[in-house]
Structure formats: structure tokens, C-alpha cells
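Chemist: I am attaching a structure below and will ask some questions about it afterwards.
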Amino acid sequence: MIKVNLQNVSAPVSVFEAVKAENPDVLKGALCAEVNGKVVGLSEEVCENGEITLFDFSDPEGKKTYWHTTSHVLAEAVKILYPEAKLAIGPATDTGFYYDFDYDPGFTNEDLSKIESQMKKIIKKNTRLNRYTLSRAEALEKVKDEPYKVELINDLPEDSELSFYEQGDFTDLCAGPHLTFTGSIKAYKLLSITGAYWRGDEKNKMLRRIYGISFPTREELDAHITQLEEAKKRDHNKLGRELELFTTADVIGQGLPIMLPKGARVIQLLQRWVEDEEQKRGWLLTKTPLMAKSDLYKISGHWDHYQDGMFVMGDEETDDEVFALRPMTCPFQYQAFLNRGRSYRDLPMRLAETSTLFRNEASGEMHGLIRVRQFTISEGHLMCTPEQLADEFRNCLDLTNYMLKTLGLYEDVSYRFSQWDPEDTEKYIGTPEQWDEAQGIMKEILDDIGLEYKIGVGEAAFYGPKLDIQIKNVHGKEDTLITIQIDQMLAEKFGMEYVAADGTKKNPYIIHRTSIGCYERTLALLIEKYAGAFPLWLAPVQLKVLPISERFEDYAKKVTDELLAAGFRVELDNRSEKIGYKIREAQLEKLPYMVIVGEKEAEEGTVSVRSRKDGDKGSLKLDEFIKELKVENDTKAR
RNA sequence: GCUAGUGUGGCGCAGCUGGUAGCGCAAUUGAUUCGUAAUCAAUAGGCCGAGGGUUCAAGUCCCUUCACUAGCUCCA
């Protein structure tokens with residue numbers, strides 16, 4: 001981005017011309033500009049002197065302009081090849097662009113190639129994009145054959161400016177900004193065809209969406225495509241299966257992964273660590289049932305607000321009792337609080353549980369270990385007084401931050417303050433006043449901590465606002481890893497009370513929180529973070545002992561046993577292959593350490609150590625090596 | 001749930017417009033004991049996701065279903 005101070009503007013002139021008059025050199029690579037706080041195309045007019053900012057492809061604004069124009073070229077190509085296709089919307093995203101079409105035959109992969117060729121022609125013609133505005137009546141007349149555009153116009157506020165961009169014979173209702181010429185698009189690729197609901201509402205028609213990406217040079221495009229392929233190699237769903245951390249079975253069903261010995265071990269390691277850490281921080285452990293009668297969920301509100309998400313066993317019409325697997329731990333853990341009368345002296349009461357949950361996700365939602373139907377979460381509910389709320393919230397956040405830092409994920413997360421949607425009366429319980437209060441309290445706490453967050457309207461839980469800790473997977477898709485919620489509604493519903501110092505009975509505030517999230521999802525992100533090469537303390541197999549030939553298997557066995565006895569996770573490679581082959585296999589397994597033993601080592605009582613981190617460490621006395629390992633393991637070094 | 005795609009031995013693939021399944025690696029056995037992958041020999045392993053249908057004949061065509069993938073919606 002380059003700032004330019006315009007000094008010679010006397011009459012309205014295009015940004016391009018104005019900058020050219022000032023300093024033509026800075027126009028190289030410029031794609032759009034910010035004038036008076038608004039991002040505009042370079043062909044748009046400026047009327048007065050002052051500072052403007054130019055953006056090129058390295059700026060998000062530049063990228064978006066570039067991609068957005070590519071989407072218009074895509075739309076034009078589609079309209080030429082498939083005139084009956086109706087235009088919906090075609091914005092730039094953080095990772096490219098898409099355009100939605102209503103075209104019932106749908107597009108095939110062959111169509112994509114055809115469209116790409118057509119786009120080439122449009123780009124070659126290098127048509128100019130002209131912006132103009134119309135009155136509402138004129139605009140509606142202009143788009144009368146495009147029902148989605150008509151709907152867009154009709155839904156815009158009365159006073160909004162209706163701008164159009166015209167490139168040759170193709171015109172689109174669009175706020176812009178755009179590049180000045182289609183020929184500026186140098187390298188592009190259409191990536192996929194998918195369905196997408198009109199206006200993101202599943203009640204609306206599903207349109208055909210074409211995704212694509214473009215770059216100023218062929219090299220950048222190629223590099224981007226290579227990068228996508230590289231990302232695929234880290235994909236936990238591929239790598240996790242290759243490394244035998246987990247698998248799935250058709251006969252078991254969707255969203256129900258099988259943790260293989262290695263995956264199960266990593267989860268166990270995480271779980272022990274989390275439970276121990278929670279204990280250190282004053283959390284008490286509960287163990288509550290995985291299912292309950294429908295009565296419980298009726299009190300909590302799940303029956304009315306979450307039933308679609310639950311696995312219900314039995315039929316209310318025909319069965320005496322109907323059960324449901326638990327989708328959340330809250331109402332179960334509350335029973336522990338309700339076990340006897342509580343006073344303010346019992347508070348804060350911090351209840352933690354390693355809790356297996358069941359959610360009946362829609363069939364298309366499942367994804368590897370990220371979205372599953374059964375998962376185990378480091379759950380917790382904290383009952384406290386209003387005075388304790390801020391400190392306790394802060395403590396919960398401290399714990400999650402400690403977890404994230406230790407795992408090496410801290411730099412990768414972002415925070416979302418998830419609020420309710422006052423328009424959505426179906427989804428939420430409670431009154432606007434209660435929501436204002438709970439959200440107000442949370443805002444105060446977050447601002448006091450100084451956390452940088454974005455706001456997610458309609459992302460709250462049905463009973464209260466959330467602080468969601470978000471993380472992106474290897475494909476750039478964001479998911480919630482951890483959540484901390486403030487709930488002032490369920491305590492009342494469940495009759496949870498404590499006797500305050502003044503003798504009155506009060507409902508406690510409840511913090512719903514997780515310390516490390518659910519183990520499956522966290523494991524998925526760790527696989528991707530480390531590309532399967534887990535730090536020593538988390539590695540399912542920490543060392544592999546490789547005898548250079550079968551003659552040294554006795555010594556290899558002895559070394560293995562000693563390492564096992566010292567508490568390490570060790571495997572002995574007892575195959576008859578050459579050592580080079582064994583090493584190569586061990587490398588593929590991404591082990592922290594290889595221990596090679598042969599004649600020399602057997603005689604000296606040493607081991608030849610090869611570390612993933614430090615390479616060849618040479619011969620070490622076994623007991624000294626073990627000491628070193630213990631230190632590394634205990635410090636949870638990455 | 002919706003839109004599209006995929007589904008052949010553990011893994012990676014071949015199998016064109018239908019004619020009764022192959023290859024490489026891995027595995028097993030025997031020989032070899034070789035210090036940074038692929039010596040020798042032999043063996044075993046697949047009702048081609050599942051269930052129907054068309055056909056004299058289906059991995060190849062049609063229908064249904066299950067699972068996996070991308071995206072939408074939804075969500076930890």
C-alpha cells in the first residue's frame with residue numbers, strides 16, 4: 001500500500017489520472033485505492049486534493065478487487081455459454097472468489113474447462129469496466145430478466161446508490177470496486193462447483209456456485225496450487241489415517257471414528273495432562289451418565305431447542321420412558337451442585353469432567369475428526385457469585401491459554417464474542433433484558449482483559465453468550481476449538497440456589513467452559529500443526545529401536561526394555577530388512593527418536609541416537625540418554 | 001439435509017466403447033545379516049463399498065443404499 005498526496009486536482013478526474021499527474025511510478029501494480037475512507041477502482045473519479053491510498057495485490061483490498069473482477073469475467077463467460085443461467089452474487093472471499101448461478105442442469109467439470117476458455121477470450125479482449133449508477137426504476141428495468149438481482153435491489157434501503165459495472169455486453173449490479181480492464185487478469189483457475197443456498201438460507205433454492213482463484217502472474221497461481229496440494233498432505237484426515245491414528249468403518253457409521261492405538265494414546269496423554277492441570281487449578285471431578293430421561297432435557301430447554309441435535313431412544317407416544325444420549329454435560333453436572341443445599345461459602349464451585357457427548361449432526365456435516373457425532377470434551381461448569389464472575393472467567397481463559405501455549409496453538413487462534421440474534425426467537429431462551437445483561441457482563445470482562453475479538457451475531461448458545469476461541473484448519477476453514485460461556489438462565493430453570501451472606505437465596509452465575517476443547521478436534525488440529533510429527537511428550541511412539549541386523553536383536557531387546565521401564569513409548573523394529581530401509585520407514589512415521597544398535601553399541605553398552613530435531617547425536621550411554629529424554633519429556637518441549 | 005464428486009486386495013494405481021480381475025510397494029515363509037531404502041526364491045491376499053435390476057455375460061450400464069471428499073446450511 002502506498003499513500004499519495006494529491007495536490008493538483010482541480011476538476012473531477014480519475015484516480016488513475018490524478019495519481020499519474022502526481023507520481024506515475026507508484027501506479028505500477030496498483031489495483032484500487034482508498035479515497036475518503038472508501039475503496040474504489042482506479043477509473044473512478046476524485047474531485048478534490050488530499051491523501052489517498054493505493055493498494056496492490058499484496059494488500060487484502062487489492063486482492064479482493066482483483067478477484068472480484070475475475071468473478072465478473074466468470075459471470076460473463078457463463079452468460080455467453082449458458083444464456084439461461086441466472087446471476088445471483090459473485091463476491092471475492094479471503095481465498096479467492098465465487099459466483100452463484102441459478103442453472104438447473106448444473107455445471108460439470110467439462111463445463112469448467114469451457115468456461116475457463118471463454119474467460120480467456122474475454123480477458124484477451126481487454127474490455128474496460130465502466131461504472132455507472134441508475135435510479136431504482138431504471139435499475140429494476142435494467143435487471144428485469146435477472147430475478148435475483150431484482151430481489152437484491154428491492155431489499156436495498158431506499159436511499160442506497162445502485163451502481164452497475166459494464167464490461168462489453170455484460171453488465172452486473174455491483175457495488176464494486178473493480179479493475180479498470182479485464183485484461184489485467186493474468187492467471188486464473190476455476191477450482192470447484194458446489195451448491196449454495198440463495199442468501200445462505202436452506203429454505204431457499206440451492207444455486208450452483210463456481211469457486212475460483214486468480215493471480216497477477218502464472219508463477220503465483222502455480223505456487224498457490226502447489227500450496228493447496230501441500231496443505232492436503234498435512235490434512236489430518238489423510239495424515240491421521242496414514243499414520244494409523246484413527247480410521248472409520250462403513251458399518252459403524254458416519255461421524256464415529258475409531259481411535260487406533262496411536263490416536264488413542266495421544267488422546268490419553270492429552271487427557272491425563274488436562275485432568276491433572278485442572279486439579280491443580282481447583283477443579284473437582286465428576287463422572288455423570290451418558291444418557292438421561294427426556295424429563296431432564298425438558299427442564300434444561302434442550303428438548304425444545306436442541307432435539308434435532310440429539311439421539312433420542314424411544315417414542316414419547318408409545319414408550320413409558322424416553323431417553324436421550326447427552327449432547328451437552330450441563331444439566332448432568334448441575335445435579336452435582338443440587339446434591340445438597342449450597343451456601344456462598346461453597347462458591348466458586350468448579351466441576352470438571354472428561355465428558356463424552358453425542359450430537360446427531362446432519363449427514364453432510366461430518367468431517368474427519370473435526371466434526372463427529374460422538375466426541376469427548378474437557379467439560380466444566382463453574383458456579384459462582386456475581387462478584388466472583390470476572391475473576392473466574394479470567395481463570396478459565398488463563399487455563400485455556402496455558403493449554404494452547406503448551407500445545408503450540410496459541411499463535412494460531414482468534415477470539416469471537418458470540419452473541420444472540422434478537423431476530424431469531426426460535427433458537428434462544430430468555431428475555432432481551434437477560435441477554436443484554438449477560439452480554440454486557442461478558443463484554444466488560446473481555447474489554448477489561450483487553451482481548452481482541454470479533455463479534456458473531458447469532459453464534460451464541462441457546463442459553464447464553466460465548467467467548468469462542470477459533471482456529472483455522474489446514475484448508476483455511478475456521479472452527480471453534482474452545483468455548484467459555486456465561487449463563488445466568490439455566491440455574492433458575494434447575495432451581496440451583498445458594499444462600500448468600502445476607503441469608504437470601506440466590507441463583508449462581510454459571511460459566512460453561514472447556515479447557516482444551518474436545519479431544520478429537522484438538523487432535524485433528526495437532527496433526528495438522530505438526531504434520532504428524534508430534535512433540536516428544538505427545539508422540540504415540542517416541543522411539544524406535546533399530547538393530548542393524550538380527551544378530552543384535554538381543555541387545556536391541558534389552559535397550560527397548562530399559563526404555564520401556566523408564567516410561568517411554570518404544571517400539572522394536574524386528575524386521576530383517578536393511579538398516580537403511582528401517583530408518584526410512586521410521587522417518588515416514590515421524591518419530592522423535594531412532595535408536596540404532598549394532599556391534600559397536602552392543603559391545604560398549606551404548607546407543608546411536610538419531611533425533612528428528614537435532615539429527616545424528618552419535619553414540620550415547622543408554623542411561624545418560626534416558627536422563628536427557630526425561631528432561632525433554634517433562635518440559636513438554638516442542 | 002442439500003449440490004457435486006469418489007469408492008477395485010494394507011497403501012498407491014491399471015482395467016478403453018460390458019465377456020468371468022491385474023501391477024508396484026507392503027505382508028508371510030525360506031535363504032541372505034548386509035551401518036542409512038528397495039539381495040534371491042517362493043507363498044498368500046480381492047464375492048471390484050453393499051443390495052437389487054438389465055443382459056447369454058457387469059468392476060464396467062440402470063436403480064437403491066452406505067461410506068468418504070469439497071461446498072452450502074448447521075455446529076465443539
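Order determines the names: the first chain of the C-alpha cells is A, the second B, and so forth; residues in each chain are numbered 1 upward, and ligands are numbered 1 upward as they are shown.
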Would you give me, as a VMD selection string, the residues of chain B that come within 9 Å of chain A, using only C-alpha atoms (C1' of nucleotides)?
Modeler: chain B and resid 1 to 4 11 33 to 38 49 66 to 67 69 to 76
Chemist: Write out as JSON, numbers by chain all residues of region 11-100 of chain A that backbone DSSP assigns to alpha helix (DSSP H).
Modeler: {"A": [15, 16, 17, 18, 19, 20, 21, 22, 60, 61, 62, 63, 64, 65, 66, 67, 68, 69, 70, 71, 72, 73, 74, 75, 76, 77, 78, 79, 80, 81]}
Chemist: Identify which of the residues A:Val143, A:Leu6, A:Leu190, A:Glu44 lies closest to Trp67 (chain A), counting only C-alpha atoms when measuring atom-to-atom distances.
Modeler: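 The closest residue to Trp67 (chain A) is A:Leu190.
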Chemist: Quick one: DSSP strand (DSSP E or B) residues in region 80-113 of chain A, as a PyMOL selection string?
Modeler: chain A and resi 86-87+92-93+96-102
Chemist: Those same residues, written as a PDB file, in the first residue's frame with N, CA, C and O atoms?
Modeler:
```
ATOM      1  N   LYS A  86     -29.143 -17.795 -14.528  1.00  0.00           N
ATOM      2  CA  LYS A  86     -29.476 -16.524 -13.873  1.00  0.00           C
ATOM      3  C   LYS A  86     -28.385 -16.174 -12.877  1.00  0.00           C
ATOM      4  O   LYS A  86     -27.854 -17.036 -12.172  1.00  0.00           O
ATOM      5  N   LEU A  87     -28.077 -14.887 -12.802  1.00  0.00           N
ATOM      6  CA  LEU A  87     -26.998 -14.432 -11.926  1.00  0.00           C
ATOM      7  C   LEU A  87     -27.504 -14.200 -10.508  1.00  0.00           C
ATOM      8  O   LEU A  87     -28.549 -13.588 -10.319  1.00  0.00           O
ATOM      9  N   ALA A  92     -15.670 -11.565  -3.886  1.00  0.00           N
ATOM     10  CA  ALA A  92     -14.367 -12.102  -3.517  1.00  0.00           C
ATOM     11  C   ALA A  92     -14.461 -12.612  -2.089  1.00  0.00           C
ATOM     12  O   ALA A  92     -15.255 -12.120  -1.297  1.00  0.00           O
ATOM     13  N   THR A  93     -13.666 -13.619  -1.778  1.00  0.00           N
ATOM     14  CA  THR A  93     -13.591 -14.117  -0.409  1.00  0.00           C
ATOM     15  C   THR A  93     -12.154 -13.905   0.061  1.00  0.00           C
ATOM     16  O   THR A  93     -11.355 -13.307  -0.642  1.00  0.00           O
ATOM     17  N   GLY A  96     -10.130 -16.182  -2.556  1.00  0.00           N
ATOM     18  CA  GLY A  96     -10.443 -16.242  -3.977  1.00  0.00           C
ATOM     19  C   GLY A  96     -11.771 -15.579  -4.267  1.00  0.00           C
ATOM     20  O   GLY A  96     -12.082 -14.519  -3.736  1.00  0.00           O
ATOM     21  N   PHE A  97     -12.541 -16.219  -5.116  1.00  0.00           N
ATOM     22  CA  PHE A  97     -13.838 -15.643  -5.447  1.00  0.00           C
ATOM     23  C   PHE A  97     -14.798 -16.764  -5.817  1.00  0.00           C
ATOM     24  O   PHE A  97     -14.390 -17.917  -6.006  1.00  0.00           O
ATOM     25  N   TYR A  98     -16.071 -16.427  -5.853  1.00  0.00           N
ATOM     26  CA  TYR A  98     -17.045 -17.369  -6.404  1.00  0.00           C
ATOM     27  C   TYR A  98     -18.129 -16.579  -7.091  1.00  0.00           C
ATOM     28  O   TYR A  98     -18.228 -15.348  -6.967  1.00  0.00           O
ATOM     29  N   TYR A  99     -18.931 -17.272  -7.874  1.00  0.00           N
ATOM     30  CA  TYR A  99     -20.139 -16.670  -8.409  1.00  0.00           C
ATOM     31  C   TYR A  99     -21.241 -17.708  -8.327  1.00  0.00           C
ATOM     32  O   TYR A  99     -21.012 -18.866  -8.642  1.00  0.00           O
ATOM     33  N   ASP A 100     -22.408 -17.279  -7.864  1.00  0.00           N
ATOM     34  CA  ASP A 100     -23.553 -18.185  -7.760  1.00  0.00           C
ATOM     35  C   ASP A 100     -24.476 -17.985  -8.950  1.00  0.00           C
ATOM     36  O   ASP A 100     -24.811 -16.845  -9.296  1.00  0.00           O
ATOM     37  N   PHE A 101     -24.867 -19.103  -9.550  1.00  0.00           N
ATOM     38  CA  PHE A 101     -25.776 -19.066 -10.691  1.00  0.00           C
ATOM     39  C   PHE A 101     -26.971 -19.955 -10.407  1.00  0.00           C
ATOM     40  O   PHE A 101     -26.846 -20.989  -9.746  1.00  0.00           O
ATOM     41  N   ASP A 102     -28.109 -19.555 -10.937  1.00  0.00           N
ATOM     42  CA  ASP A 102     -29.253 -20.449 -10.944  1.00  0.00           C
ATOM     43  C   ASP A 102     -29.278 -21.093 -12.324  1.00  0.00           C
ATOM     44  O   ASP A 102     -29.607 -20.428 -13.310  1.00  0.00           O
TER      45      ASP A 102
END
```
Chemist: Using only C-alpha atoms (C1' of nucleotides), determine which residues lie at most 12 Å from A31 (chain B), disregarding the query and same-chain residues fewer than 3 positions distant; provide the list as number ranges by chain.
Modeler: B: 39-42
Chemist: Determine, counting only C-alpha atoms (C1' of nucleotides), which protein, DNA and RNA residues have an atom within 12 Å of an atom of U43 (chain B); residues of the same chain fewer than 3 positions away are not included. Present the result as a ChimeraX atom specification.
Modeler: /B:27-30
